[in-house]
$ cat entry33.tsv   # TSV, C-alpha atoms
chain	number	residue	atom	x	y	z
A	1	MET	CA	8.17	49.52	-20.27
A	2	LEU	CA	10.27	47.40	-17.96
A	3	LYS	CA	12.53	50.38	-17.33
A	4	ASP	CA	9.52	52.50	-16.32
A	5	ILE	CA	8.40	49.87	-13.85
A	6	PHE	CA	11.91	49.61	-12.48
A	7	ILE	CA	12.17	53.39	-12.06
A	8	LYS	CA	8.78	53.43	-10.40
A	9	GLN	CA	9.83	50.71	-7.95
A	10	VAL	CA	13.04	52.53	-7.12
A	11	ALA	CA	11.00	55.71	-6.50
A	12	GLU	CA	8.68	53.76	-4.22
A	13	LEU	CA	11.64	52.35	-2.33
A	14	LYS	CA	13.09	55.86	-1.90
A	15	LYS	CA	9.78	57.09	-0.55
A	16	LEU	CA	9.68	54.14	1.77
A	17	TRP	CA	13.11	54.84	3.15
A	18	GLN	CA	12.08	58.36	4.08
A	19	ASN	CA	9.06	57.13	5.96
A	20	LYS	CA	10.65	54.73	8.44
A	21	ARG	CA	7.38	53.75	10.04
A	22	GLN	CA	5.95	52.71	6.71
A	23	LEU	CA	9.11	50.77	5.97
A	24	LEU	CA	8.86	48.89	9.24
A	25	PHE	CA	5.24	48.12	8.52
A	26	GLN	CA	6.04	46.73	5.09
A	27	LEU	CA	8.93	44.69	6.50
A	28	LEU	CA	6.64	43.20	9.10
A	29	ASN	CA	4.22	42.37	6.32
A	30	LEU	CA	6.93	40.54	4.47
A	31	ALA	CA	8.04	38.75	7.62
A	32	MET	CA	4.46	37.60	8.31
A	33	ILE	CA	4.18	36.07	4.86
A	34	VAL	CA	7.53	34.33	5.12
A	35	PHE	CA	6.82	32.97	8.56
A	36	SER	CA	3.34	31.77	7.65
A	37	ALA	CA	4.79	29.82	4.77
A	38	LEU	CA	7.45	28.39	7.06
A	39	MET	CA	4.85	27.41	9.64
A	40	ILE	CA	2.75	25.58	7.08
A	41	TRP	CA	5.80	23.73	5.85
A	42	LYS	CA	6.98	22.76	9.31
A	43	GLY	CA	3.45	21.78	10.26
A	44	LEU	CA	3.27	19.45	7.28
A	45	MET	CA	6.65	18.01	8.20
A	46	PHE	CA	5.35	17.29	11.69
A	47	PHE	CA	2.11	15.62	10.66
A	48	THR	CA	3.63	13.44	8.00
A	49	LYS	CA	6.76	12.74	10.08
A	50	SER	CA	8.69	13.27	6.88
A	51	GLU	CA	11.60	15.59	6.33
A	52	SER	CA	10.20	16.34	2.92
A	53	PRO	CA	6.41	16.09	2.81
A	54	VAL	CA	6.11	17.38	-0.74
A	55	VAL	CA	8.47	16.28	-3.49
A	56	VAL	CA	8.74	17.00	-7.18
A	57	VAL	CA	9.15	14.12	-9.58
A	58	LEU	CA	12.46	14.70	-11.33
A	59	SER	CA	12.87	11.72	-13.62
A	60	GLY	CA	10.80	9.71	-16.03
A	61	SER	CA	11.36	6.41	-14.27
A	62	MET	CA	7.77	6.20	-13.05
A	63	GLU	CA	6.05	7.06	-16.30
A	64	PRO	CA	3.33	7.03	-17.41
A	65	ALA	CA	1.97	7.44	-13.89
A	66	PHE	CA	4.20	10.26	-12.69
A	67	GLN	CA	5.83	12.64	-15.07
A	68	ARG	CA	8.61	15.13	-14.51
A	69	GLY	CA	6.98	18.12	-12.91
A	70	ASP	CA	4.29	16.33	-10.92
A	71	ILE	CA	4.32	16.81	-7.20
A	72	LEU	CA	3.79	14.04	-4.68
A	73	PHE	CA	2.45	14.32	-1.15
A	74	LEU	CA	4.30	12.04	1.19
A	75	ASP	CA	3.33	10.46	4.46
A	76	ASN	CA	6.05	8.95	6.57
A	77	SER	CA	3.90	8.31	9.63
A	78	VAL	CA	2.91	4.91	8.28
A	79	HIS	CA	4.71	2.32	10.31
A	80	LYS	CA	5.04	-0.25	7.59
A	81	VAL	CA	5.55	0.13	3.90
A	82	ILE	CA	4.33	-2.81	1.86
A	83	GLU	CA	5.00	-4.09	-1.59
A	84	GLY	CA	3.29	-2.04	-4.27
A	85	ASP	CA	3.64	1.22	-2.36
A	86	VAL	CA	5.14	4.11	-4.25
A	87	VAL	CA	7.80	5.51	-1.95
A	88	VAL	CA	10.44	8.19	-1.99
A	89	PHE	CA	13.80	7.17	-0.65
A	90	LYS	CA	17.32	8.48	-0.42
A	91	ILE	CA	20.43	6.42	-0.82
A	92	ARG	CA	22.79	6.97	2.08
A	93	ASP	CA	25.13	9.90	1.47
A	94	ARG	CA	23.31	10.88	-1.70
A	95	GLU	CA	21.37	14.09	-2.10
A	96	ILE	CA	18.70	13.25	-4.63
A	97	PRO	CA	15.49	11.54	-3.50
A	98	ILE	CA	14.15	8.80	-5.76
A	99	VAL	CA	10.52	7.93	-6.37
A	100	HIS	CA	10.00	4.24	-7.10
A	101	ARG	CA	7.76	1.35	-6.16
A	102	ILE	CA	8.51	-1.38	-3.62
A	103	MET	CA	8.81	-4.76	-5.28
A	104	LYS	CA	9.97	-7.01	-2.48
A	105	VAL	CA	9.52	-6.99	1.26
A	106	HIS	CA	11.24	-9.43	3.58
A	107	GLU	CA	10.43	-9.01	7.24
A	108	LYS	CA	12.54	-10.50	10.00
A	109	PRO	CA	11.11	-11.81	13.29
A	110	ASP	CA	12.10	-8.60	15.09
A	111	GLY	CA	10.16	-6.47	12.61
A	112	VAL	CA	13.14	-5.18	10.63
A	113	VAL	CA	12.31	-5.13	6.96
A	114	GLU	CA	14.45	-5.27	3.89
A	115	LEU	CA	13.09	-3.71	0.74
A	116	LEU	CA	13.83	-3.76	-2.93
A	117	THR	CA	12.52	-1.04	-5.23
A	118	LYS	CA	12.10	-0.50	-8.94
A	119	GLY	CA	10.82	2.26	-11.15
A	120	ASP	CA	7.74	1.32	-13.16
A	121	ASN	CA	9.37	2.51	-16.35
A	122	ASN	CA	12.73	0.86	-15.67
A	123	ARG	CA	13.65	-2.57	-16.96
A	124	VAL	CA	15.59	-3.63	-13.87
A	125	ASP	CA	15.31	-3.10	-10.15
A	126	ASP	CA	17.21	-0.46	-8.25
A	127	ARG	CA	20.10	-2.56	-6.94
A	128	GLY	CA	22.32	-0.74	-9.42
A	129	LEU	CA	21.37	2.55	-7.77
A	130	TYR	CA	22.01	1.54	-4.19
A	131	ALA	CA	25.31	2.21	-2.46
A	132	PRO	CA	28.10	-0.20	-3.41
A	133	GLY	CA	27.55	-3.47	-1.57
A	134	GLN	CA	24.02	-2.51	-0.54
A	135	LEU	CA	21.46	-5.09	-1.62
A	136	TRP	CA	18.37	-3.92	0.27
A	137	LEU	CA	16.81	-0.74	1.55
A	138	GLN	CA	15.83	-0.29	5.18
A	139	ARG	CA	12.74	1.47	6.49
A	140	GLU	CA	14.96	4.37	7.60
A	141	ASP	CA	15.97	5.08	4.02
A	142	ILE	CA	12.36	5.76	3.10
A	143	LEU	CA	11.34	9.41	3.29
A	144	GLY	CA	7.67	8.64	2.92
A	145	LYS	CA	4.94	6.88	1.01
A	146	ALA	CA	3.21	8.72	-1.80
A	147	VAL	CA	-0.40	9.27	-0.86
A	148	GLY	CA	-1.51	11.93	-3.32
A	149	THR	CA	-0.48	13.67	-6.49
A	150	LEU	CA	-0.96	16.96	-8.32
A	151	ARG	CA	0.09	17.37	-11.91
A	152	TYR	CA	2.46	19.92	-13.43
A	153	VAL	CA	2.77	22.11	-10.31
A	154	GLY	CA	6.36	20.98	-9.80
A	155	MET	CA	7.47	22.44	-13.13
A	156	VAL	CA	8.25	25.66	-11.30
A	157	THR	CA	10.70	23.87	-9.01
A	158	ILE	CA	12.38	22.13	-11.93
A	159	ALA	CA	12.80	25.44	-13.76
A	160	LEU	CA	14.23	26.99	-10.60
A	161	ASN	CA	16.66	24.11	-10.28
A	162	ASP	CA	17.82	24.19	-13.86
A	163	TYR	CA	18.29	27.94	-13.89
A	164	PRO	CA	19.30	28.94	-10.35
A	165	VAL	CA	19.43	32.62	-11.24
A	166	LEU	CA	15.64	32.45	-11.55
A	167	LYS	CA	15.48	31.77	-7.83
A	168	TYR	CA	17.05	35.11	-7.00
A	169	VAL	CA	14.98	36.92	-9.61
A	170	LEU	CA	11.75	35.43	-8.28
A	171	VAL	CA	12.49	36.05	-4.61
A	172	GLY	CA	13.76	39.54	-5.39
A	173	MET	CA	10.64	40.41	-7.33
A	174	MET	CA	8.32	39.01	-4.70
A	175	GLY	CA	10.14	40.80	-1.91
A	176	LEU	CA	10.15	44.03	-3.81
A	177	PHE	CA	6.48	43.74	-4.53
A	178	VAL	CA	5.49	43.09	-0.94
A	179	LEU	CA	7.67	45.91	0.31
A	180	THR	CA	6.22	48.46	-2.02
A	181	SER	CA	2.59	47.47	-2.26
A	182	LYS	CA	0.30	49.73	-0.37
A	183	GLU	CA	-2.48	47.41	0.49
A	184	GLY	CA	-2.27	47.00	4.28
B	1	MET	CA	-3.22	50.29	-7.91
B	2	HIS	CA	-3.74	49.19	-11.43
B	3	THR	CA	-0.26	48.53	-12.68
B	4	VAL	CA	0.60	45.56	-14.80
B	5	TRP	CA	2.21	43.81	-11.86
B	6	VAL	CA	-0.90	43.98	-9.73
B	7	ARG	CA	-3.02	42.64	-12.52
B	8	LEU	CA	-0.56	39.88	-13.34
B	9	ASN	CA	-0.31	39.00	-9.68
B	10	ALA	CA	-4.08	38.82	-9.36
B	11	VAL	CA	-4.49	36.69	-12.47
B	12	VAL	CA	-1.75	34.24	-11.58
B	13	PHE	CA	-2.75	33.67	-8.00
B	14	PHE	CA	-6.43	33.51	-8.74
B	15	GLY	CA	-5.65	31.03	-11.49
B	16	LEU	CA	-3.61	28.91	-9.12
B	17	THR	CA	-6.35	28.99	-6.50
B	18	VAL	CA	-8.96	27.91	-9.02
B	19	LEU	CA	-6.67	25.13	-10.22
B	20	LEU	CA	-6.21	23.92	-6.68
B	21	GLY	CA	-9.96	24.09	-6.03
B	22	LEU	CA	-10.75	22.12	-9.17
B	23	SER	CA	-8.07	19.54	-8.37
B	24	ILE	CA	-9.54	18.99	-4.94
B	25	LEU	CA	-13.04	18.71	-6.41
B	26	ALA	CA	-11.76	16.19	-8.95
B	27	ALA	CA	-10.17	14.13	-6.23
B	28	VAL	CA	-13.23	14.30	-3.98
B	29	SER	CA	-15.73	13.54	-6.74
B	30	LYS	CA	-14.79	9.90	-6.94
B	31	ILE	CA	-14.37	8.99	-3.30
B	32	GLY	CA	-17.02	6.30	-3.09
B	33	HIS	CA	-16.33	4.79	-6.47
B	34	SER	CA	-14.24	1.77	-5.59
B	35	LYS	CA	-16.72	0.59	-2.98
B	36	HIS	CA	-19.43	0.17	-5.55
B	37	HIS	CA	-17.44	-0.80	-8.59
B	38	LYS	CA	-15.24	-3.76	-7.89
B	39	PRO	CA	-13.13	-5.45	-10.51
B	40	VAL	CA	-13.84	-9.15	-10.84
B	41	VAL	CA	-10.97	-11.59	-10.51
B	42	SER	CA	-12.28	-14.89	-11.76
B	43	ARG	CA	-9.07	-16.85	-11.73
B	44	LEU	CA	-5.64	-16.43	-10.28
B	45	GLU	CA	-3.87	-19.72	-9.87
B	46	LEU	CA	-0.51	-21.27	-10.20
B	47	ASN	CA	-0.15	-22.99	-13.52
B	48	THR	CA	3.24	-24.68	-13.38
B	49	LEU	CA	6.24	-24.52	-11.14
B	50	ARG	CA	8.93	-24.48	-13.75
B	51	SER	CA	11.90	-24.75	-11.48
B	52	LEU	CA	13.00	-24.35	-7.91
B	53	LYS	CA	16.74	-24.18	-7.71
B	54	SER	CA	19.33	-22.95	-5.34
B	55	HIS	CA	21.08	-20.07	-6.98
B	56	GLY	CA	24.06	-18.61	-5.20
B	57	GLY	CA	22.88	-19.87	-1.82
B	58	VAL	CA	19.29	-18.69	-2.13
B	59	ASP	CA	16.23	-20.46	-3.43
B	60	ARG	CA	14.86	-19.24	-6.69
B	61	ALA	CA	11.53	-20.31	-8.11
B	62	LEU	CA	10.34	-19.74	-11.63
B	63	LEU	CA	6.69	-20.35	-12.22
B	64	SER	CA	3.79	-19.48	-14.39
B	65	PHE	CA	0.23	-18.67	-13.46
B	66	ASP	CA	-3.21	-18.16	-14.93
B	67	LEU	CA	-4.91	-14.84	-14.53
B	68	HIS	CA	-8.44	-13.99	-15.52
B	69	ALA	CA	-9.58	-10.61	-14.32
B	70	ASP	CA	-11.83	-7.86	-15.53
B	71	LEU	CA	-10.53	-4.54	-14.30
B	72	THR	CA	-12.88	-2.26	-16.20
B	73	PRO	CA	-15.03	-1.35	-13.15
B	74	ALA	CA	-12.03	0.21	-11.42
B	75	PHE	CA	-11.66	2.91	-14.05
B	76	HIS	CA	-13.36	6.25	-13.88
B	77	TRP	CA	-12.61	9.66	-15.29
B	78	ASN	CA	-10.09	10.63	-12.61
B	79	ILE	CA	-8.02	7.48	-13.01
B	80	LYS	CA	-4.99	7.84	-15.21
B	81	GLN	CA	-3.83	4.27	-14.96
B	82	LEU	CA	-3.93	1.13	-12.86
B	83	PHE	CA	-0.71	-0.49	-11.83
B	84	VAL	CA	-1.67	-4.14	-11.60
B	85	TYR	CA	0.56	-6.69	-9.96
B	86	VAL	CA	0.62	-10.20	-8.58
B	87	VAL	CA	2.10	-10.60	-5.11
B	88	ALA	CA	3.41	-13.84	-3.72
B	89	SER	CA	3.33	-14.04	0.06
B	90	TYR	CA	4.96	-16.73	2.12
B	91	SER	CA	6.55	-17.27	5.47
B	92	THR	CA	9.89	-18.80	6.41
B	93	LYS	CA	11.76	-19.25	9.65
B	94	THR	CA	14.26	-16.49	8.96
B	95	ASN	CA	11.66	-14.11	7.61
B	96	PRO	CA	8.14	-14.49	8.98
B	97	HIS	CA	6.73	-12.25	6.28
B	98	ASN	CA	7.79	-12.15	2.70
B	99	HIS	CA	5.94	-10.37	-0.04
B	100	VAL	CA	7.37	-10.40	-3.50
B	101	ILE	CA	5.92	-8.96	-6.68
B	102	LEU	CA	6.16	-11.56	-9.42
B	103	TRP	CA	4.54	-9.76	-12.28
B	104	ASP	CA	3.18	-6.34	-13.03
B	105	LYS	CA	1.38	-4.53	-15.79
B	106	ILE	CA	0.37	-0.97	-16.43
B	107	ILE	CA	-3.12	-0.46	-17.81
B	108	GLU	CA	-3.76	3.09	-18.88
B	109	ALA	CA	-7.16	4.69	-19.02
B	110	VAL	CA	-6.56	5.57	-22.66
B	111	ASP	CA	-6.02	1.91	-23.59
B	112	PRO	CA	-8.80	0.19	-25.54
B	113	PRO	CA	-11.38	-1.76	-23.49
B	114	GLU	CA	-9.82	-5.11	-24.39
B	115	ALA	CA	-6.64	-4.11	-22.60
B	116	LYS	CA	-8.55	-3.71	-19.35
B	117	ILE	CA	-9.54	-7.35	-19.27
B	118	ILE	CA	-6.77	-9.82	-18.59
B	119	GLU	CA	-7.45	-13.36	-19.74
B	120	GLU	CA	-4.14	-15.06	-19.98
B	121	ASP	CA	-2.96	-18.51	-19.08
B	122	ASN	CA	0.53	-19.62	-18.36
B	123	ILE	CA	1.87	-16.15	-17.70
B	124	PHE	CA	5.54	-16.46	-16.91
B	125	VAL	CA	6.79	-14.42	-13.98
B	126	LYS	CA	8.58	-11.17	-14.79
B	127	TYR	CA	10.57	-11.30	-11.59
B	128	ALA	CA	11.74	-14.61	-10.23
B	129	LEU	CA	10.57	-15.59	-6.77
B	130	ILE	CA	13.86	-15.32	-4.96
B	131	ASP	CA	14.07	-15.97	-1.27
B	132	GLN	CA	16.70	-14.38	0.93
B	133	THR	CA	17.64	-17.81	2.22
B	134	ASN	CA	17.13	-21.35	1.04
B	135	GLU	CA	13.94	-22.05	2.91
B	136	LEU	CA	11.50	-21.75	0.06
B	137	ARG	CA	10.96	-25.46	-0.49
B	138	GLY	CA	7.64	-26.82	0.60
B	139	LYS	CA	6.28	-23.48	1.73
B	140	GLU	CA	2.76	-22.32	1.07
B	141	VAL	CA	2.76	-19.35	-1.23
B	142	GLU	CA	-0.32	-17.20	-1.53
B	143	LEU	CA	-0.91	-15.30	-4.74
B	144	LYS	CA	-2.83	-12.06	-4.68
B	145	LEU	CA	-3.81	-9.62	-7.39
B	146	VAL	CA	-3.50	-5.98	-6.37
B	147	TRP	CA	-4.11	-2.88	-8.39
B	148	ASP	CA	-2.86	0.58	-7.53
B	149	HIS	CA	-5.17	3.39	-8.58
B	150	MET	CA	-3.12	6.24	-9.97
B	151	PRO	CA	-5.38	9.26	-10.38
B	152	LEU	CA	-4.98	12.33	-12.51
B	153	THR	CA	-5.22	14.35	-9.33
B	154	GLY	CA	-5.70	13.15	-5.83
B	155	MET	CA	-5.07	10.24	-3.52
B	156	LEU	CA	-3.37	6.98	-4.43
B	157	PHE	CA	-4.86	3.80	-3.05
B	158	MET	CA	-4.92	0.05	-3.68
B	159	GLY	CA	-7.64	-2.46	-4.31
B	160	SER	CA	-7.20	-6.18	-4.23
B	161	ALA	CA	-8.74	-9.62	-4.48
B	162	GLU	CA	-7.44	-12.83	-2.97
B	163	LYS	CA	-6.99	-16.20	-4.51
B	164	LEU	CA	-4.95	-19.05	-3.19
B	165	GLY	CA	-2.23	-20.98	-4.86
B	166	SER	CA	0.59	-22.97	-3.35

$ encode --input "entry33.tsv" --output "structure tokens"
Amino acid sequence: MLKDIFIKQVAELKKLWQNKRQLLFQLLNLAMIVFSALMIWKGLMFFTKSESPVVVVLSGSMEPAFQRGDILFLDNSVHKVIEGDVVVFKIRDREIPIVHRIMKVHEKPDGVVELLTKGDNNRVDDRGLYAPGQLWLQREDILGKAVGTLRYVGMVTIALNDYPVLKYVLVGMMGLFVLTSKEG
Amino acid sequence: MHTVWVRLNAVVFFGLTVLLGLSILAAVSKIGHSKHHKPVVSRLELNTLRSLKSHGGVDRALLSFDLHADLTPAFHWNIKQLFVYVVASYSTKTNPHNHVILWDKIIEAVDPPEAKIIEEDNIFVKYALIDQTNELRGKEVELKLVWDHMPLTGMLFMGSAEKLGS
């Protein structure tokens, strides 16, 4: 059955290539969808002042509150983060963002704060995770404060990360579908 | 077109839209709850200051406190758990604002009703009160009980009650 569908899609693509106007139309369709998605994402980034307004929880260190696969909505436009806030931060020069809670806040007279974090499900605080010699986090290390959550939706991202080939399959399929669908 | 792909596409995206709609409804349904149902904190006071020592150049206090609080009113069907913690706040010359979590506890919605009422005396701190400098002596420390509502779906927010201890 899969082969039939594949043959059908190839036939559609061939037809499309012959009708250049139709092809252009479908390409524009695809471009509209891609750009709309991009606009929404960039818009979110602007309003939350965060480089990553939606993150997927990757580890179990905040269980039972947040499980692997939950998504978190972040807001970085808050000026101050206080103790008890669940925040997402990145250690300098490291790729992976971490979702933990702020345990200690020490604020200096000029407003600079030093923070210590810990995962709810971890026995010890995060000093062991920070860069060598780093004892505290600064406000700049924080990507945003978690303000909302949705369960399970992030599973897709985790699957895509664990099996990168799925990314190409998914994008390929979606692109193919948009190119060959005849709905206007 | 009535191919399998179209049908699958329709089912999946409709399903996702419904899921999103329901999630938003769930989140919205309990917006006014915490205004009308407030947990009662009947006692939050310092019990004993066990020690206040200088440890590697910084002051470190170990203490115990009493906590009597009934957190049952904060729960409703969209709450998965409450993250309850005691914050110590104080001010020193080097750092005008210090807030340190001394003790925390996770109370899940699925826990039995007794677990949602805390009536303990002489609770020892989980995390020592460590200052960044050695200016902790003689400072007023305010203890506050805060609980973080962690919903099944929706917004995260805190509720709190104040009690003084020094």

$ atom_distance --input "entry33.tsv" --atom1 "CA of Thr94 (chain B)" --atom2 "CA of Ala128 (chain B)"
19.4 Å

$ atom_distance --input "entry33.tsv" --atom1 "CA of Gly154 (chain A)" --atom2 "CA of Ile40 (chain A)"
17.9 Å

$ interface_residues --input "entry33.tsv" --of "chain B" --to "chain A" --cutoff "7 Å" --atoms "all atoms listed in the file" --output "list in words"
Gln81, Thr94, Asn95, Pro96, His97, Asn98, His99, Val100, Ile101, Met150, Thr153, Gly154, Met155 and Leu156 of chain B

$ write_last_selection --input "entry33.tsv" --atoms "C-alpha atoms" --output "PDB file, keeping the file's coordinate frame"
ATOM      1  CA  GLN B  81      -3.830   4.270 -14.960  1.00  0.00           C
ATOM      2  CA  THR B  94      14.260 -16.490   8.960  1.00  0.00           C
ATOM      3  CA  ASN B  95      11.660 -14.110   7.610  1.00  0.00           C
ATOM      4  CA  PRO B  96       8.140 -14.490   8.980  1.00  0.00           C
ATOM      5  CA  HIS B  97       6.730 -12.250   6.280  1.00  0.00           C
ATOM      6  CA  ASN B  98       7.790 -12.150   2.700  1.00  0.00           C
ATOM      7  CA  HIS B  99       5.940 -10.370  -0.040  1.00  0.00           C
ATOM      8  CA  VAL B 100       7.370 -10.400  -3.500  1.00  0.00           C
ATOM      9  CA  ILE B 101       5.920  -8.960  -6.680  1.00  0.00           C
ATOM     10  CA  MET B 150      -3.120   6.240  -9.970  1.00  0.00           C
ATOM     11  CA  THR B 153      -5.220  14.350  -9.330  1.00  0.00           C
ATOM     12  CA  GLY B 154      -5.700  13.150  -5.830  1.00  0.00           C
ATOM     13  CA  MET B 155      -5.070  10.240  -3.520  1.00  0.00           C
ATOM     14  CA  LEU B 156      -3.370   6.980  -4.430  1.00  0.00           C
TER      15      LEU B 156
END

$ closest_residue --input "entry33.tsv" --among "A:Gly69, A:Pro97, A:Gly144, A:Gly175" --to "Pro53 (chain A)" --atoms "all atoms listed in the file"
A:Gly144

$ atom_distance --input "entry33.tsv" --atom1 "CA of Lys15 (chain A)" --atom2 "CA of Val165 (chain A)"
28.4 Å

$ residues_near_point --input "entry33.tsv" --point "(-1.8, -2.0, -12.2)" --cutoff "9 Å" --atoms "only C-alpha atoms" --output "ChimeraX atom specification"
/B:81-85,104-108,146-150

$ residues_near_point --input "entry33.tsv" --point "(-11.5, -7.0, -11.0)" --cutoff "9 Å" --atoms "all atoms listed in the file" --output "PDB file with C-alpha atoms, keeping the file's coordinate frame"
ATOM      1  CA  HIS B  37     -17.440  -0.800  -8.590  1.00  0.00           C
ATOM      2  CA  LYS B  38     -15.240  -3.760  -7.890  1.00  0.00           C
ATOM      3  CA  PRO B  39     -13.130  -5.450 -10.510  1.00  0.00           C
ATOM      4  CA  VAL B  40     -13.840  -9.150 -10.840  1.00  0.00           C
ATOM      5  CA  VAL B  41     -10.970 -11.590 -10.510  1.00  0.00           C
ATOM      6  CA  SER B  42     -12.280 -14.890 -11.760  1.00  0.00           C
ATOM      7  CA  HIS B  68      -8.440 -13.990 -15.520  1.00  0.00           C
ATOM      8  CA  ALA B  69      -9.580 -10.610 -14.320  1.00  0.00           C
ATOM      9  CA  ASP B  70     -11.830  -7.860 -15.530  1.00  0.00           C
ATOM     10  CA  LEU B  71     -10.530  -4.540 -14.300  1.00  0.00           C
ATOM     11  CA  THR B  72     -12.880  -2.260 -16.200  1.00  0.00           C
ATOM     12  CA  PRO B  73     -15.030  -1.350 -13.150  1.00  0.00           C
ATOM     13  CA  ALA B  74     -12.030   0.210 -11.420  1.00  0.00           C
ATOM     14  CA  ILE B 117      -9.540  -7.350 -19.270  1.00  0.00           C
ATOM     15  CA  LEU B 145      -3.810  -9.620  -7.390  1.00  0.00           C
ATOM     16  CA  TRP B 147      -4.110  -2.880  -8.390  1.00  0.00           C
ATOM     17  CA  GLY B 159      -7.640  -2.460  -4.310  1.00  0.00           C
ATOM     18  CA  SER B 160      -7.200  -6.180  -4.230  1.00  0.00           C
ATOM     19  CA  ALA B 161      -8.740  -9.620  -4.480  1.00  0.00           C
TER      20      ALA B 161
END

$ residues_around --input "entry33.tsv" --residues "Leu102 (chain B)" --least-positions-apart "5" --cutoff "7 Å" --atoms "all atoms listed in the file" --output "compact mmCIF listing (two decimals) with C-alpha atoms, keeping the file's coordinate frame"
# COMPACT_ATOMS: atom_id res chain seq x y z
CA VAL B 86 0.62 -10.20 -8.58
CA VAL B 87 2.10 -10.60 -5.11
CA ALA B 88 3.41 -13.84 -3.72
CA VAL B 125 6.79 -14.42 -13.98
CA LYS B 126 8.58 -11.17 -14.79
CA TYR B 127 10.57 -11.30 -11.59
CA ALA B 128 11.74 -14.61 -10.23
CA LEU B 129 10.57 -15.59 -6.77

$ residues_around --input "entry33.tsv" --residues "Met45 (chain A)" --least-positions-apart "5" --cutoff "12 Å" --atoms "only C-alpha atoms" --output "ChimeraX atom specification"
/A:38-40,50-55,73-77,143-144

$ residues_around --input "entry33.tsv" --residues "Ala26 (chain B)" --least-positions-apart "5" --cutoff "10 Å" --atoms "only C-alpha atoms" --output "PyMOL selection string"
chain B and resi 20-21+31+77-78+151-154

$ write_last_selection --input "entry33.tsv" --atoms "C-alpha atoms" --output "PDB file, in the frame of the given file"
ATOM      1  CA  LEU B  20      -6.210  23.920  -6.680  1.00  0.00           C
ATOM      2  CA  GLY B  21      -9.960  24.090  -6.030  1.00  0.00           C
ATOM      3  CA  ILE B  31     -14.370   8.990  -3.300  1.00  0.00           C
ATOM      4  CA  TRP B  77     -12.610   9.660 -15.290  1.00  0.00           C
ATOM      5  CA  ASN B  78     -10.090  10.630 -12.610  1.00  0.00           C
ATOM      6  CA  PRO B 151      -5.380   9.260 -10.380  1.00  0.00           C
ATOM      7  CA  LEU B 152      -4.980  12.330 -12.510  1.00  0.00           C
ATOM      8  CA  THR B 153      -5.220  14.350  -9.330  1.00  0.00           C
ATOM      9  CA  GLY B 154      -5.700  13.150  -5.830  1.00  0.00           C
TER      10      GLY B 154
END

$ residues_around --input "entry33.tsv" --residues "Ile123 (chain B)" --least-positions-apart "4" --cutoff "12 Å" --atoms "all atoms listed in the file" --output "tab-separated table (two decimals) with C-alpha atoms, in the coordinates of the input"
chain	number	residue	atom	x	y	z
B	44	LEU	CA	-5.64	-16.43	-10.28
B	45	GLU	CA	-3.87	-19.72	-9.87
B	46	LEU	CA	-0.51	-21.27	-10.20
B	47	ASN	CA	-0.15	-22.99	-13.52
B	48	THR	CA	3.24	-24.68	-13.38
B	49	LEU	CA	6.24	-24.52	-11.14
B	50	ARG	CA	8.93	-24.48	-13.75
B	62	LEU	CA	10.34	-19.74	-11.63
B	63	LEU	CA	6.69	-20.35	-12.22
B	64	SER	CA	3.79	-19.48	-14.39
B	65	PHE	CA	0.23	-18.67	-13.46
B	66	ASP	CA	-3.21	-18.16	-14.93
B	67	LEU	CA	-4.91	-14.84	-14.53
B	68	HIS	CA	-8.44	-13.99	-15.52
B	86	VAL	CA	0.62	-10.20	-8.58
B	102	LEU	CA	6.16	-11.56	-9.42
B	103	TRP	CA	4.54	-9.76	-12.28
B	104	ASP	CA	3.18	-6.34	-13.03
B	105	LYS	CA	1.38	-4.53	-15.79
B	118	ILE	CA	-6.77	-9.82	-18.59
B	119	GLU	CA	-7.45	-13.36	-19.74
B	127	TYR	CA	10.57	-11.30	-11.59

$ closest_residue --input "entry33.tsv" --among "A:Met155, A:Ile91, A:Leu137, A:Ile7" --to "Ile71 (chain A)" --atoms "all atoms listed in the file"
A:Met155

$ axis_aligned_box --input "entry33.tsv" --around "region 60-65 of chain B" --padding-each-side "5 Å" --output "AutoDock Vina command-line options"
--center_x 7.5 --center_y -19.5 --center_z -10.5 --size_x 24.6 --size_y 11.7 --size_z 17.7

$ residues_around --input "entry33.tsv" --residues "region 135-138 of chain B" --least-positions-apart "5" --cutoff "8 Å" --atoms "only C-alpha atoms" --output "list in words"
Leu52, Asp59, Arg60, Thr92 and Lys93 of chain B
